[in-house]
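Below you'll find the structure, written out as structure tokens, and then a few comments.
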2 protein chains.
Amino acid sequence: MSSRATLREVSELAEVSVATASLVLSGKDGSRFTEETAQRVRDAAEKLGYRTNRLARSLRQQSTRVIGLLSIEVATTPYAGAMVEGMRSAARARDYDLLFNEVTFSKESIAAGLELMSDHRVDGVIIASYYHRAIDLPDNLPKNIVIADAYAKKIELDSFVPDETNSYLQVLDLIGKSGHKHVGLISDGRDYPAVKGRKEAFLIAAEKYGWHDIQENMVMMNSDAETEMGYNAFNLLFGRNPQITAVAAYNDQIAMGVYEAARELGLNIPADLSVVGFDNLELISGALRPGLTTVELPHFEMGRLAAERLIERVESEDELPPEKVAIVGDIFVRGSVATPRTSVSRKVTRIH
Amino acid sequence: MSSRATLREVSELAEVSVATASLVLSGKDGSRFTEETAQRVRDAAEKLGYRTNRLARSLRQQSTRVIGLLSIEVATTPYAGAMVEGMRSAARARDYDLLFNEVTFSKESIAAGLELMSDHRVDGVIIASYYHRAIDLPDNLPKNIVIADAYAKKIELDSFVPDETNSYLQVLDLIGKSGHKHVGLISDGRDYPAVKGRKEAFLIAAEKYGWHDIQENMVMMNSDAETEMGYNAFNLLFGRNPQITAVAAYNDQIAMGVYEAARELGLNIPADLSVVGFDNLELISGALRPGLTTVELPHFEMGRLAAERLIERVESEDELPPEKVAIVGDIFVRGSVATPRTSVSRKVTRIH
DNA sequence: TACCCTTAGTTAATCGTTTTACAACGAATA
DNA sequence: TATTCGTTGTAAAACGATTAACTAAGGGTA
């Protein structure tokens with residue numbers, strides 16, 4: 001950019017040596033110089049608009065104060081961007097910056113991404129995934145590495161993931177405490193940690209609140225068209241068991257499908273049917289009528305903690321043991337949960 | 001990270017000077033050495049896993065091949081992340097990397113962000129906004145700077161923005177060509193380039209297709225709760241003029257509100273009412289039933305072009321004149337547009 | 001033989017800091 | 001008087017590349 005003044009220029013203006021200028025401005029050995037000399041240096045720096053060249057400093061100090069972020073679709077996933085902001089703000093607060101690159105889940109892609117980060121001599125790397133899963137990492141990992149919204153297969157590394165079970169339990173508790181006994185679960189059926197953790201939460205809540213016909217009331221379907229899946233699944237579920245008064249959807253998109261099906265079935269939310277979701281996609285949860293009660297994934301927190309942990313690792317003298325941290329997300333209570341309807345069988349009218 | 005081999009180590013293993021190793025590996029003067037020597041250097045580099053230290057190279061060459069990205073909520077906005085990916089992939093294709101930081105629209109914040117980028121001696125800066133607007137930039141701008149999804153006030157800079165008018169015209173044309181004559185516009189009313197450009201598109205289409213009662217059929221409302229606004233606005237609009245057979249919503253969230261209002265009014269989409277949106281928020285446009293026909297903002301393209309232009313500027317010998325480029329987004333045709341219903345007045349039934 | 005080219009490589013300066021080891025000087029101490 | 005010590009500062013060697021300028025050797029030509 002507009003070429004900046006160097007330390008040499010500052011030192012010349014202040015009529016001291018480069019070393020003196022450096023020591024004064026870095027504040028590393030303040031007591032060493034008379035206040036008069038120090039002030040002369042500071043004035044010169046100020047006058048020339050001096051700022052230290054991080055390249056030169058990094059080269060000399062063998063430390064860049066730059067963190068490599070290898071993102072796996074994080075920036076382009078609608079709701080995961082907060083993770084980046086969590087990292088960035090935490091890093092910036094400690095005078096670290098973020099070098100950004102995008103990779104896929106493949107070992108080779110991650111290895112190439114790490115290589116590039118190593119070329120830049122970043123102090124550490126965060127691998128961030130756009131959803132909670134296990135990642136197969138290459139060999140030859142950098143010394144300082146942490147993972148956000150995922151964890152490593154076959155190796156112990158710092159990782160920060162959502163506490164799927166306790167997060168989901170917050171909305172399930174709301175259903176339970178509202179007195180529902182016939183509660184459905186509509187979930188993705190794939191082998192994801194999120195699916196496992198949320199199903200577990202459902203089983204815990206079912207036990208805790210004495211919900212009926214648990215097995216019958218769980219619908220697990222694999223689908224990418226999630227809203228449509230929710231729509232179909234609720235029709236199936238309600239056809240199978242019209243006693244259902246509440247539905248826990250695996251995510252907000254599925255919940256949106258449930259809303260649609262319920263509307264067509266003439267069920268009023270929340271009077272006739274309570275619904276909860278997961279993800280707090282504001283576009284959906286805030287736009288549905290009534291607003292959807294749901295849980296937010298702790299994206300910001302995962303990002304923040306990952307960055308803080310990485311910096312701790314970078315700056316620590318001794319080896320820190322790796323830890324896997326599960327974080328509970330926040331609940332957002334809107335209008336989609338109420339006490340169960342009393343009349344169990346109800347006239348169902350279809351529109352059209 | 002795992003401390004890498006230096007050029008010195010490579011040169012020692014290959015029994016040549018550091019200069020020779022550098023010249024061979026950088027390929028800058030290939031003809032200079034015998035094939036045998038060159039091969040020895042390459043073998044040594046390979047064996048030691050040598051990769052050039054970009055810090056050292058940058059310091060010497062006075063060029064970092066790093067681009068600073070000052071994002072204004074781009075990463076955290078659900079649909080804008082594609083812009084980052086557009087920049088990143090374009091940059092990476094030319095061996096540039098992205099240093100990421102987040103700022104606000106305030107002059108001071110941008111100035112501070114630029115300062116930080118300058119500390120890292122980035123070769124250029126992209127300022128990217130999460131929506132199309134004019135930005136007030138500080139003085140003392142870096143030599144190489146471009147703007148994505150925004151443009152600078154009071155100064156000519158490269159900028160890449162959506163062509164709001166021609167983008168929107170694509171869906172309006174679809175309505176026009178389907179034969180609608182009574183078309184409503186439900187728009188935000190604030191003073192944004194997007195509002196202006198889309199309204200202009202509406203007026204052009206109205207003229208072109210001979211739409212009736214234009215002034216009466218435009219509802220402009222300021223609101224942050226856009227879905228609710230769309231709901232209210234359509235009720236207002238339809239109450240005022242039940243002849244309406246199509247609605248152009250300023251964005252998908254408003255369109256979602258129109259869907260809800262239409263449903264309550266007993267209007268079937270698209271048989272009784274055609275609807276188009278803007279933004280292609282897949283969460284909404286793909287989830288609504290029927291799917292919403294809408295336009296996507298050219299986020300990826302804006303990012304890509306901004307990065308390419310910036311690199312061109314960085315690598316160009318001579319001054320390039322700044323240019324403002326408007327880009328048309330892609331249309332996504334789903335099921336929300338049909339030919340107008342023939343019976344103009346129709347029995348309207350409310351649910352509940 | 002003297003001169004000039006080419007070829008194949010090397011030397012050394014440079015980018016802008018940081019930091020270790022040293023120097024100069026006066027004051028205090030032995 | 002000689003020695004030691006604190007104070008205030010400087011010289012110079014890194015960090016790891018790049019690159020302009022040079023050299024040495026060999027061959028061709030006048």
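Chain labels A, B, ... are given in the sequence in which chains occur in the structure tokens; within each chain residues are numbered consecutively from 1, and ligands are likewise numbered from 1 in the order shown.
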
Should the cut-off be 7 Å, what would the residue list for chain B against chain A look like, counting only C-alpha atoms, as JSON, numbers by chain?
{"B": [1, 2, 51, 52, 53, 54, 55, 56, 59, 75, 76, 77, 78, 79, 81, 82, 98, 99, 100, 118, 119, 120, 121, 123, 142, 143, 227, 287]}

Mind listing as a list in words which residues of chain B are within 8 Å of chain C, counting only C-alpha atoms (C1' of nucleotides)?
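Contact residues on the first chain: Ser17, Ala19, Thr20, Arg32, Phe33, Thr34, Leu59, Arg60, Gln61 and Gln62 of chain B.
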
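Rounded to one decimal, CA of Tyr151 (chain B) and CA of Ala134 (chain B) lie 5.0 Å from each other.
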
Write out as a ChimeraX atom specification every residue belonging to chain D that has an atom at most 12 Å from any atom of chain A, counting only C-alpha atoms (C1' of nucleotides).
/D:6-17

Under the rule of at most 9 Å, produce a per-residue listing of region 239-294 of chain A near region 192-216 of chain A: chain, number, name, the closest pair of atoms, and the distance in Å, as JSON lines, using only C-alpha atoms.
{"residue": "A:Arg240", "atom": "CA", "partner": "A:Glu216", "partner_atom": "CA", "distance": 8.2}
{"residue": "A:Asn241", "atom": "CA", "partner": "A:Glu216", "partner_atom": "CA", "distance": 8.2}
{"residue": "A:Ala248", "atom": "CA", "partner": "A:Phe202", "partner_atom": "CA", "distance": 8.3}
{"residue": "A:Tyr250", "atom": "CA", "partner": "A:Arg198", "partner_atom": "CA", "distance": 7.4}

I need the chosen residues saved as an mmCIF file, in the first residue's frame, with N, CA and C atoms.
data_model
loop_
_atom_site.group_PDB
_atom_site.id
_atom_site.type_symbol
_atom_site.label_atom_id
_atom_site.label_comp_id
_atom_site.auth_asym_id
_atom_site.auth_seq_id
_atom_site.Cartn_x
_atom_site.Cartn_y
_atom_site.Cartn_z
ATOM 1 N N ARG A 240 -50.857 -42.310 11.732
ATOM 2 C CA ARG A 240 -50.572 -43.484 12.540
ATOM 3 C C ARG A 240 -51.081 -43.295 13.965
ATOM 4 N N ASN A 241 -50.933 -42.075 14.472
ATOM 5 C CA ASN A 241 -51.304 -41.827 15.863
ATOM 6 C C ASN A 241 -51.862 -40.426 16.057
ATOM 7 N N ALA A 248 -41.464 -32.943 18.076
ATOM 8 C CA ALA A 248 -40.102 -32.422 18.120
ATOM 9 C C ALA A 248 -39.485 -32.682 16.759
ATOM 10 N N TYR A 250 -36.338 -32.491 14.132
ATOM 11 C CA TYR A 250 -34.877 -32.551 14.198
ATOM 12 C C TYR A 250 -34.259 -31.192 13.871
#

Run DSSP on the backbone and tell me which residues of region 150-211 of chain A come out as helix (DSSP H, G or I); list them as a CSV table (one decimal) with C-alpha atoms, in the first residue's frame.
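Result saved to result-v2.csv:
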chain,number,residue,atom,x,y,z
A,164,GLU,CA,-26.7,-32.0,21.0
A,165,THR,CA,-28.4,-33.8,23.8
A,166,ASN,CA,-28.5,-31.1,26.4
A,167,SER,CA,-29.2,-28.4,23.8
A,168,TYR,CA,-32.2,-30.4,22.5
A,169,LEU,CA,-33.4,-31.2,26.0
A,170,GLN,CA,-34.2,-27.6,26.6
A,171,VAL,CA,-37.0,-27.6,24.1
A,172,LEU,CA,-38.1,-31.1,25.0
A,173,ASP,CA,-38.3,-30.0,28.6
A,174,LEU,CA,-40.6,-27.3,27.6
A,175,ILE,CA,-42.8,-29.8,25.9
A,176,GLY,CA,-42.6,-32.1,28.9
A,177,LYS,CA,-43.4,-29.5,31.4
A,193,PRO,CA,-23.6,-37.2,15.8
A,194,ALA,CA,-26.5,-34.7,15.8
A,195,VAL,CA,-29.0,-37.4,15.0
A,196,LYS,CA,-27.7,-39.6,17.7
A,197,GLY,CA,-27.5,-36.9,20.3
A,198,ARG,CA,-30.9,-35.5,19.7
A,199,LYS,CA,-32.5,-38.9,19.6
A,200,GLU,CA,-30.9,-39.6,22.9
A,201,ALA,CA,-32.4,-36.4,24.3
A,202,PHE,CA,-35.8,-37.5,23.1
A,203,LEU,CA,-35.4,-40.8,24.9
A,204,ILE,CA,-34.3,-39.1,28.1
A,205,ALA,CA,-37.2,-36.7,28.0
A,206,ALA,CA,-39.6,-39.5,27.1
A,207,GLU,CA,-38.5,-41.4,30.2
A,208,LYS,CA,-38.5,-38.3,32.4
A,209,TYR,CA,-42.0,-37.2,31.5

Identify, with DSSP run on backbone atoms, the residues in region 114-287 of chain A assigned to strand (DSSP E), and express the list as a count of residues only.
40

With a distance cut-off of 12 Å and only C-alpha atoms (C1' of nucleotides), select the neighbouring residues of region 269-274 of chain A, excluding the residue or stretch itself and same-chain residues fewer than 3 positions from it, and output the selection as a VMD selection string.
chain A and resid 171 to 172 174 to 176 178 to 185 234 238 242 to 249 255 to 256 258 to 266 277 288 to 294 334 to 348

So that I have them on file, write out the residues from the current selection with C-alpha atoms, as a PDB file, in the first residue's frame.
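result03.pdb was written with the following content:
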ATOM      1  CA  VAL A 171     -37.010 -27.560  24.106  1.00  0.00           C
ATOM      2  CA  LEU A 172     -38.055 -31.090  24.994  1.00  0.00           C
ATOM      3  CA  LEU A 174     -40.577 -27.262  27.592  1.00  0.00           C
ATOM      4  CA  ILE A 175     -42.850 -29.802  25.911  1.00  0.00           C
ATOM      5  CA  GLY A 176     -42.635 -32.137  28.857  1.00  0.00           C
ATOM      6  CA  SER A 178     -46.307 -28.241  29.393  1.00  0.00           C
ATOM      7  CA  GLY A 179     -47.905 -31.590  30.079  1.00  0.00           C
ATOM      8  CA  HIS A 180     -47.697 -33.386  26.743  1.00  0.00           C
ATOM      9  CA  LYS A 181     -47.745 -37.181  26.846  1.00  0.00           C
ATOM     10  CA  HIS A 182     -48.065 -38.071  23.176  1.00  0.00           C
ATOM     11  CA  VAL A 183     -45.006 -36.565  21.553  1.00  0.00           C
ATOM     12  CA  GLY A 184     -43.598 -37.348  18.149  1.00  0.00           C
ATOM     13  CA  LEU A 185     -40.016 -37.100  16.944  1.00  0.00           C
ATOM     14  CA  PHE A 234     -46.010 -35.518  10.024  1.00  0.00           C
ATOM     15  CA  PHE A 238     -50.509 -38.190  12.577  1.00  0.00           C
ATOM     16  CA  PRO A 242     -53.803 -38.963  15.969  1.00  0.00           C
ATOM     17  CA  GLN A 243     -53.292 -38.650  19.702  1.00  0.00           C
ATOM     18  CA  ILE A 244     -50.070 -36.773  19.098  1.00  0.00           C
ATOM     19  CA  THR A 245     -50.156 -33.312  20.675  1.00  0.00           C
ATOM     20  CA  ALA A 246     -46.560 -32.260  20.188  1.00  0.00           C
ATOM     21  CA  VAL A 247     -43.816 -32.782  17.669  1.00  0.00           C
ATOM     22  CA  ALA A 248     -40.102 -32.422  18.120  1.00  0.00           C
ATOM     23  CA  ALA A 249     -38.531 -31.773  14.761  1.00  0.00           C
ATOM     24  CA  ALA A 255     -40.562 -28.082  11.594  1.00  0.00           C
ATOM     25  CA  MET A 256     -41.603 -25.840   8.733  1.00  0.00           C
ATOM     26  CA  VAL A 258     -44.784 -29.908  10.022  1.00  0.00           C
ATOM     27  CA  TYR A 259     -46.410 -26.478  10.121  1.00  0.00           C
ATOM     28  CA  GLU A 260     -47.613 -26.952   6.573  1.00  0.00           C
ATOM     29  CA  ALA A 261     -48.990 -30.410   7.161  1.00  0.00           C
ATOM     30  CA  ALA A 262     -50.654 -29.280  10.367  1.00  0.00           C
ATOM     31  CA  ARG A 263     -52.258 -26.371   8.617  1.00  0.00           C
ATOM     32  CA  GLU A 264     -53.668 -28.630   5.935  1.00  0.00           C
ATOM     33  CA  LEU A 265     -54.929 -31.004   8.581  1.00  0.00           C
ATOM     34  CA  GLY A 266     -56.674 -28.100  10.253  1.00  0.00           C
ATOM     35  CA  GLY A 277     -37.256 -27.275  16.112  1.00  0.00           C
ATOM     36  CA  LEU A 288     -43.315 -18.846  10.762  1.00  0.00           C
ATOM     37  CA  ARG A 289     -46.562 -17.947  12.438  1.00  0.00           C
ATOM     38  CA  PRO A 290     -46.517 -18.561  15.298  1.00  0.00           C
ATOM     39  CA  GLY A 291     -42.784 -18.187  15.740  1.00  0.00           C
ATOM     40  CA  LEU A 292     -41.003 -21.474  16.244  1.00  0.00           C
ATOM     41  CA  THR A 293     -39.531 -22.379  19.607  1.00  0.00           C
ATOM     42  CA  THR A 294     -36.124 -23.795  18.856  1.00  0.00           C
ATOM     43  CA  ARG A 334     -41.455 -18.221  20.548  1.00  0.00           C
ATOM     44  CA  GLY A 335     -45.094 -19.162  20.314  1.00  0.00           C
ATOM     45  CA  SER A 336     -45.150 -22.751  19.109  1.00  0.00           C
ATOM     46  CA  VAL A 337     -45.523 -24.589  22.398  1.00  0.00           C
ATOM     47  CA  ALA A 338     -48.633 -24.632  24.579  1.00  0.00           C
ATOM     48  CA  THR A 339     -50.428 -27.052  26.856  1.00  0.00           C
ATOM     49  CA  PRO A 340     -51.832 -30.081  25.046  1.00  0.00           C
ATOM     50  CA  ARG A 341     -55.320 -29.928  23.577  1.00  0.00           C
ATOM     51  CA  THR A 342     -57.800 -31.778  25.758  1.00  0.00           C
ATOM     52  CA  SER A 343     -60.044 -33.311  23.141  1.00  0.00           C
ATOM     53  CA  VAL A 344     -57.890 -36.069  21.829  1.00  0.00           C
ATOM     54  CA  SER A 345     -59.845 -36.823  18.709  1.00  0.00           C
ATOM     55  CA  ARG A 346     -60.702 -33.776  16.748  1.00  0.00           C
ATOM     56  CA  LYS A 347     -62.528 -32.991  13.599  1.00  0.00           C
ATOM     57  CA  VAL A 348     -59.918 -32.766  10.935  1.00  0.00           C
TER      58      VAL A 348
END
